[in-house]
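These notes are about the structure you will find just below.
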Amino acid sequence: MGTKTILITGANGEIGHGLISHFAEHDGVKVVGVDLNPLDDTTRTKCFKSFTGDILDKRFLDSLSTGFDFDSIYHLAALLSTRAERQPTLAHKVNVDGTLNLLEMTVTQSRLQGREIKFIYPSSIAVYGLPDLPTKHKVGKIKEEEWTEPRTMYGINKLYCEKLGRYYTHFYRQLDAEPMAGYVDFRGVRFPGLISALTLPTGGTSDFAPEMVHQAAKGEPYTCFVREDTTIPFMAMPDAITALLKLDAASREKLGREVYNVGSFSPSASELNNRVKKAFASSDVNFKPDLKRQAILDSWPEDVDDSEARKDWGWKPAYGFERAFEEYLVPAVTRFYMSK
Ligand code: AKB
């Protein structure tokens with residue numbers, strides 16, 4: 001099989017870093033990395049080509065599209081939930097109009113190459129909106145069709161873009177003399193909170209978990225903005241990368257849906273704190289809930305039912321809660337700060 005060319009938007013982001021590092025360690029893939037800000041040197045050197053540009057700039061995307069034949073497009077660029085609440089109209093532009101521009105670019109790519117192009121999309125547990133804590137506890141592991149009533153601009157954006165992807169895959173320009181469906185092969189996963197040892201998220205509401213880990217590794221105190229009983233699903237970054245790659249590699253006929261839940265572990269903030277303290281004895285965490293951000297977290301599910309992903313494309317996390325800390329987070333985040 002020849003070398004694949006993959007476009008990654010949001011290349012400077014957490015998932016972008018992890019994905020580009022993975023591809024750099026494996027042959028057969030040329031990465032074209034794109035971000036609004038210049039890629040950091042480490043990431044840039046791992047890319048075949050990198051570009052600084054705005055996914056809202058159609059001329060920039062057109063110039064990108066004429067320069068490469070992409071096999072897959074990983075559209076990671078987004079404003080996360082907390083930042084999106086502070087800048088809702090900007091979030092809508094980037095998260096929705098930006099995605100629409102990338103979908104249109106995928107159609108152009110597909111017509112130029114005469115084949116279907118895969119569009120890999122990280123959606124989120126933010127598409128869910130549980131009305132209250134008793135319901136959240138009762139629902140437990142949520143299924144893809146349940147409670148998709150998001151209360152954040154980010155969650156609404158992600159849910160709408162899931163529908164956009166389904167439209168482009170199955171119904172795009174359906175009234176044309178020659179319908180144009182079959183150009184885009186949209187595939188998405190609804191990520192839980194992600195925890196990376198090597199990067200910190202910016203502007204997420206699930207950020208309390210990675211922030212707690214990194215502050216402890218730095219030997220610095222951390223004021224946690226959630227209640228101790230707060231429980232949402234999380235995933236170690238290596239598993240998030242695996243999920244995207246396995247979904248990309250799955251044969252289309254195996255996929256019964258466009259978007260899948262993927263899960264790993266669902267600790268409470270108190271359980272996270274206890275595990276962090278076991279790893280970093282000097283950890284100093286105090287809980288001071290931000291009631292507004294807390295309300296967002298209380299609307300997100302305790303856990304996700306990812307049986308569809310396991311059945312259709314063999315999803316299985318490698319890192320449960322204990323292994324994520326013992327074999328990934330603690331050794332890697334310790335090394336990371338010792339090298340500083
Ligand atoms: C956020 O907190 O906004 C994201 C997410 C859960 O999608 N990390």
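Starting from 1 in every chain, residues are counted up; chains themselves are A, B, ... following the order of the structure tokens, and ligands are numbered from 1 as listed.
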Any idea what's packed within 9 Å of Phe280 of chain A, counting only C-alpha atoms, ignoring anything in its chain fewer than 5 positions away? Could you give it as a list in words?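 Residues near the query, excluding close chain neighbours: Val213, Ala216, Ala217, Gly219, Arg275 and Val330 of chain A.
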Hey, which residues come within 6 Å of ligand 1 if we count only C-alpha atoms and all ligand atoms? Could you give them as a PyMOL selection string? chain A and resi 80-81+124-126+192-193+204-207
Could the residues in this selection be saved with N, CA, C and O atoms as a PDB file, in the first residue's frame?
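What landed in selection.pdb:
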ATOM      1  N   LEU A  80     -13.148  24.559  22.663  1.00  0.00           N
ATOM      2  CA  LEU A  80     -13.754  23.622  23.603  1.00  0.00           C
ATOM      3  C   LEU A  80     -14.839  24.311  24.440  1.00  0.00           C
ATOM      4  O   LEU A  80     -15.040  25.515  24.366  1.00  0.00           O
ATOM      5  N   SER A  81     -15.473  23.545  25.318  1.00  0.00           N
ATOM      6  CA  SER A  81     -16.737  23.966  25.925  1.00  0.00           C
ATOM      7  C   SER A  81     -16.659  25.233  26.761  1.00  0.00           C
ATOM      8  O   SER A  81     -17.512  26.110  26.622  1.00  0.00           O
ATOM      9  N   SER A 124     -18.026  14.751  20.971  1.00  0.00           N
ATOM     10  CA  SER A 124     -17.768  14.859  22.411  1.00  0.00           C
ATOM     11  C   SER A 124     -18.966  14.419  23.236  1.00  0.00           C
ATOM     12  O   SER A 124     -20.111  14.495  22.778  1.00  0.00           O
ATOM     13  N   ILE A 125     -18.709  14.049  24.492  1.00  0.00           N
ATOM     14  CA  ILE A 125     -19.802  13.778  25.438  1.00  0.00           C
ATOM     15  C   ILE A 125     -20.603  15.048  25.704  1.00  0.00           C
ATOM     16  O   ILE A 125     -21.687  14.984  26.303  1.00  0.00           O
ATOM     17  N   ALA A 126     -20.090  16.167  25.248  1.00  0.00           N
ATOM     18  CA  ALA A 126     -20.813  17.447  25.414  1.00  0.00           C
ATOM     19  C   ALA A 126     -22.097  17.491  24.604  1.00  0.00           C
ATOM     20  O   ALA A 126     -22.926  18.381  24.811  1.00  0.00           O
ATOM     21  N   PRO A 192     -14.731  11.343  25.550  1.00  0.00           N
ATOM     22  CA  PRO A 192     -14.897  11.825  26.925  1.00  0.00           C
ATOM     23  C   PRO A 192     -13.823  12.872  27.217  1.00  0.00           C
ATOM     24  O   PRO A 192     -13.151  13.350  26.299  1.00  0.00           O
ATOM     25  N   GLY A 193     -13.615  13.214  28.464  1.00  0.00           N
ATOM     26  CA  GLY A 193     -12.496  14.098  28.802  1.00  0.00           C
ATOM     27  C   GLY A 193     -11.199  13.362  28.479  1.00  0.00           C
ATOM     28  O   GLY A 193     -11.087  12.165  28.737  1.00  0.00           O
ATOM     29  N   GLY A 204     -11.358  23.691  28.174  1.00  0.00           N
ATOM     30  CA  GLY A 204     -12.331  22.607  28.325  1.00  0.00           C
ATOM     31  C   GLY A 204     -12.935  22.618  29.717  1.00  0.00           C
ATOM     32  O   GLY A 204     -12.351  23.149  30.663  1.00  0.00           O
ATOM     33  N   THR A 205     -14.102  22.014  29.856  1.00  0.00           N
ATOM     34  CA  THR A 205     -14.722  21.929  31.190  1.00  0.00           C
ATOM     35  C   THR A 205     -14.292  20.648  31.887  1.00  0.00           C
ATOM     36  O   THR A 205     -14.343  20.535  33.104  1.00  0.00           O
ATOM     37  N   SER A 206     -13.795  19.690  31.098  1.00  0.00           N
ATOM     38  CA  SER A 206     -13.261  18.449  31.709  1.00  0.00           C
ATOM     39  C   SER A 206     -11.791  18.627  32.082  1.00  0.00           C
ATOM     40  O   SER A 206     -11.147  17.682  32.547  1.00  0.00           O
ATOM     41  N   ASP A 207     -11.253  19.843  31.897  1.00  0.00           N
ATOM     42  CA  ASP A 207      -9.818  20.068  32.115  1.00  0.00           C
ATOM     43  C   ASP A 207      -9.384  19.829  33.556  1.00  0.00           C
ATOM     44  O   ASP A 207      -8.178  19.732  33.818  1.00  0.00           O
TER      45      ASP A 207
END
Between A:Ser21, A:Thr202, A:Ser65, A:Asn95, which residue has the minimum interatomic distance to Thr82 of chain A, considering only C-alpha atoms?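 Among A:Ser21, A:Thr202, A:Ser65, A:Asn95, it is A:Thr202 that comes nearest to Thr82 of chain A.
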So how far away is atom CA of Gly263 of chain A from atom CA of Asp306 of chain A, in Å?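 Going from atom CA of Asp306 of chain A over to atom CA of Gly263 of chain A, I get 6.1 Å.
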Would you mind writing down, as a PyMOL selection string, each residue of segment 145-281 of chain A that DSSP on the backbone assigns to helix (DSSP H, G or I)? chain A and resi 153-170+208-218+237-249+252-254+269-279
Enumerate as a PyMOL selection string all residues of segment 2-142 of chain A assigned to strand (DSSP E or B) by DSSP on the backbone, naming them with the chain letters and numbers the document uses. chain A and resi 4-9+29-35+49-52+72-75+117-124+141-142
In Å, rounded to a single decimal, give me how far atom CA of Ala279 of chain A is from atom CA of Glu326 of chain A. 8.4 Å
Where does segment 57-105 of chain A meet segment 22-38 of chain A within 12 Å, residue by residue, with the nearest atom pair and distance in Å to one decimal for each, counting only C-alpha atoms, listed by chain and rising number, as a tab-separated table?
residue	atom	partner	partner_atom	distance
A:Asp57	CA	A:Leu36	CA	10.5
A:Phe60	CA	A:Val34	CA	10.5
A:Leu61	CA	A:Val34	CA	10.0
A:Leu64	CA	A:Val32	CA	9.3
A:Ser65	CA	A:Val32	CA	10.9
A:Gly67	CA	A:Val32	CA	10.4
A:Phe68	CA	A:Val32	CA	8.8
A:Asp69	CA	A:Val32	CA	10.7
A:Phe70	CA	A:Val32	CA	9.0
A:Asp71	CA	A:Val29	CA	9.7
A:Ser72	CA	A:Val31	CA	10.1
A:Ile73	CA	A:Val32	CA	9.6
A:Tyr74	CA	A:Gly33	CA	9.8
A:His75	CA	A:Val34	CA	9.7
A:Leu76	CA	A:Asp35	CA	9.6
A:Ala77	CA	A:Asp35	CA	7.6
A:Ala78	CA	A:Asp35	CA	10.5
A:Leu79	CA	A:Leu36	CA	11.8
A:Val94	CA	A:Leu36	CA	10.7
A:Gly98	CA	A:Leu36	CA	11.7
A:Leu102	CA	A:Val34	CA	11.9
Selection above as a file: N, CA, C and O atoms, as an mmCIF file, in the first residue's frame:
data_model
loop_
_atom_site.group_PDB
_atom_site.id
_atom_site.type_symbol
_atom_site.label_atom_id
_atom_site.label_comp_id
_atom_site.auth_asym_id
_atom_site.auth_seq_id
_atom_site.Cartn_x
_atom_site.Cartn_y
_atom_site.Cartn_z
ATOM 1 N N ASP A 57 -10.975 30.663 6.360
ATOM 2 C CA ASP A 57 -10.463 31.335 5.143
ATOM 3 C C ASP A 57 -10.537 30.354 3.973
ATOM 4 O O ASP A 57 -9.685 29.483 3.810
ATOM 5 N N PHE A 60 -7.575 30.061 1.711
ATOM 6 C CA PHE A 60 -6.479 29.269 2.296
ATOM 7 C C PHE A 60 -6.760 27.778 2.074
ATOM 8 O O PHE A 60 -5.883 27.018 1.647
ATOM 9 N N LEU A 61 -7.987 27.365 2.332
ATOM 10 C CA LEU A 61 -8.332 25.939 2.173
ATOM 11 C C LEU A 61 -8.269 25.520 0.708
ATOM 12 O O LEU A 61 -7.809 24.421 0.385
ATOM 13 N N LEU A 64 -4.748 24.946 -0.172
ATOM 14 C CA LEU A 64 -4.310 23.694 0.458
ATOM 15 C C LEU A 64 -4.783 22.517 -0.387
ATOM 16 O O LEU A 64 -4.028 21.596 -0.702
ATOM 17 N N SER A 65 -6.030 22.583 -0.815
ATOM 18 C CA SER A 65 -6.655 21.463 -1.516
ATOM 19 C C SER A 65 -6.006 21.217 -2.866
ATOM 20 O O SER A 65 -5.879 20.074 -3.310
ATOM 21 N N GLY A 67 -2.988 21.598 -3.522
ATOM 22 C CA GLY A 67 -1.589 21.177 -3.381
ATOM 23 C C GLY A 67 -1.400 19.714 -3.023
ATOM 24 O O GLY A 67 -0.297 19.180 -3.089
ATOM 25 N N PHE A 68 -2.498 19.051 -2.610
ATOM 26 C CA PHE A 68 -2.339 17.681 -2.121
ATOM 27 C C PHE A 68 -3.549 16.809 -2.492
ATOM 28 O O PHE A 68 -4.653 17.324 -2.676
ATOM 29 N N ASP A 69 -3.305 15.518 -2.581
ATOM 30 C CA ASP A 69 -4.396 14.534 -2.684
ATOM 31 C C ASP A 69 -4.493 13.846 -1.323
ATOM 32 O O ASP A 69 -3.661 12.997 -0.990
ATOM 33 N N PHE A 70 -5.497 14.243 -0.527
ATOM 34 C CA PHE A 70 -5.595 13.671 0.820
ATOM 35 C C PHE A 70 -6.326 12.335 0.787
ATOM 36 O O PHE A 70 -7.317 12.165 0.061
ATOM 37 N N ASP A 71 -5.865 11.410 1.610
ATOM 38 C CA ASP A 71 -6.584 10.142 1.788
ATOM 39 C C ASP A 71 -7.615 10.271 2.910
ATOM 40 O O ASP A 71 -8.713 9.731 2.823
ATOM 41 N N SER A 72 -7.242 10.963 3.959
ATOM 42 C CA SER A 72 -8.159 11.183 5.085
ATOM 43 C C SER A 72 -7.948 12.596 5.608
ATOM 44 O O SER A 72 -6.834 13.136 5.512
ATOM 45 N N ILE A 73 -9.012 13.163 6.137
ATOM 46 C CA ILE A 73 -8.946 14.490 6.757
ATOM 47 C C ILE A 73 -9.369 14.328 8.212
ATOM 48 O O ILE A 73 -10.476 13.845 8.496
ATOM 49 N N TYR A 74 -8.455 14.652 9.120
ATOM 50 C CA TYR A 74 -8.748 14.607 10.569
ATOM 51 C C TYR A 74 -9.009 16.044 10.988
ATOM 52 O O TYR A 74 -8.088 16.844 11.121
ATOM 53 N N HIS A 75 -10.261 16.373 11.196
ATOM 54 C CA HIS A 75 -10.615 17.764 11.494
ATOM 55 C C HIS A 75 -10.731 17.952 13.009
ATOM 56 O O HIS A 75 -11.772 17.713 13.607
ATOM 57 N N LEU A 76 -9.634 18.374 13.633
ATOM 58 C CA LEU A 76 -9.552 18.457 15.093
ATOM 59 C C LEU A 76 -9.753 19.875 15.615
ATOM 60 O O LEU A 76 -10.012 20.071 16.794
ATOM 61 N N ALA A 77 -9.639 20.875 14.754
ATOM 62 C CA ALA A 77 -9.700 22.275 15.212
ATOM 63 C C ALA A 77 -11.064 22.586 15.823
ATOM 64 O O ALA A 77 -12.106 22.285 15.219
ATOM 65 N N ALA A 78 -11.066 23.144 17.035
ATOM 66 C CA ALA A 78 -12.341 23.514 17.684
ATOM 67 C C ALA A 78 -12.057 24.396 18.896
ATOM 68 O O ALA A 78 -10.964 24.363 19.466
ATOM 69 N N LEU A 79 -13.066 25.177 19.279
ATOM 70 C CA LEU A 79 -13.040 25.852 20.575
ATOM 71 C C LEU A 79 -13.776 24.942 21.545
ATOM 72 O O LEU A 79 -14.922 24.571 21.284
ATOM 73 N N VAL A 94 -16.054 28.981 14.285
ATOM 74 C CA VAL A 94 -14.953 28.007 14.128
ATOM 75 C C VAL A 94 -15.493 26.582 14.088
ATOM 76 O O VAL A 94 -15.182 25.794 13.199
ATOM 77 N N GLY A 98 -16.337 26.456 10.250
ATOM 78 C CA GLY A 98 -15.038 25.839 9.921
ATOM 79 C C GLY A 98 -15.206 24.406 9.467
ATOM 80 O O GLY A 98 -14.611 23.964 8.470
ATOM 81 N N LEU A 102 -14.478 22.600 5.783
ATOM 82 C CA LEU A 102 -13.660 21.384 5.604
ATOM 83 C C LEU A 102 -14.463 20.298 4.883
ATOM 84 O O LEU A 102 -13.916 19.532 4.072
#
Show me, as a list in words, the residues that have an atom within 12 Å of Val96 of chain A when counting only C-alpha atoms, minus same-chain residues fewer than 6 positions from it.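 Counting only the stated atoms, we get Ile55, Leu56, His75, Ala77, Ala78, Leu79, Ala84, Pro88, Thr89, Leu90, Leu102, Leu103, Met153, Tyr154, Gly155, Ile156, Asn157, Lys158, Leu159, Tyr160, Cys161, Glu162, Lys163, Leu164 and Gly165 of chain A.
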Interatomic distance, atom CA of Phe171 of chain A to atom CA of Pro150 of chain A (Å, one decimal):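 Between these atoms lies a distance of 24.6 Å.
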For Tyr183 of chain A, the closest of A:Asp40, A:Glu258, A:Glu116, A:Glu271 counting only C-alpha atoms is A:Glu116
With 6 Å as the cut-off and only C-alpha atoms counted, what is the closest atom pair between each nearby residue of segment 217-278 of chain A and segment 309-321 of chain A? Distances in Å to one decimal, ordered by chain and number, as CSV.
residue,atom,partner,partner_atom,distance
A:Asp239,CA,A:Pro317,CA,5.8
A:Ala250,CA,A:Trp313,CA,5.9
A:Lys254,CA,A:Asp312,CA,5.6
A:Leu255,CA,A:Asp312,CA,5.6
A:Tyr260,CA,A:Ala309,CA,5.9
A:Ser264,CA,A:Gly320,CA,5.8
A:Phe265,CA,A:Phe321,CA,5.5
My list of candidates is A:Asp248, A:Asp97, A:Asp41, A:Glu211. Which is closest to Ile195 of chain A when distances are computed with only C-alpha atoms?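 Smallest distance to Ile195 of chain A is found for A:Glu211.
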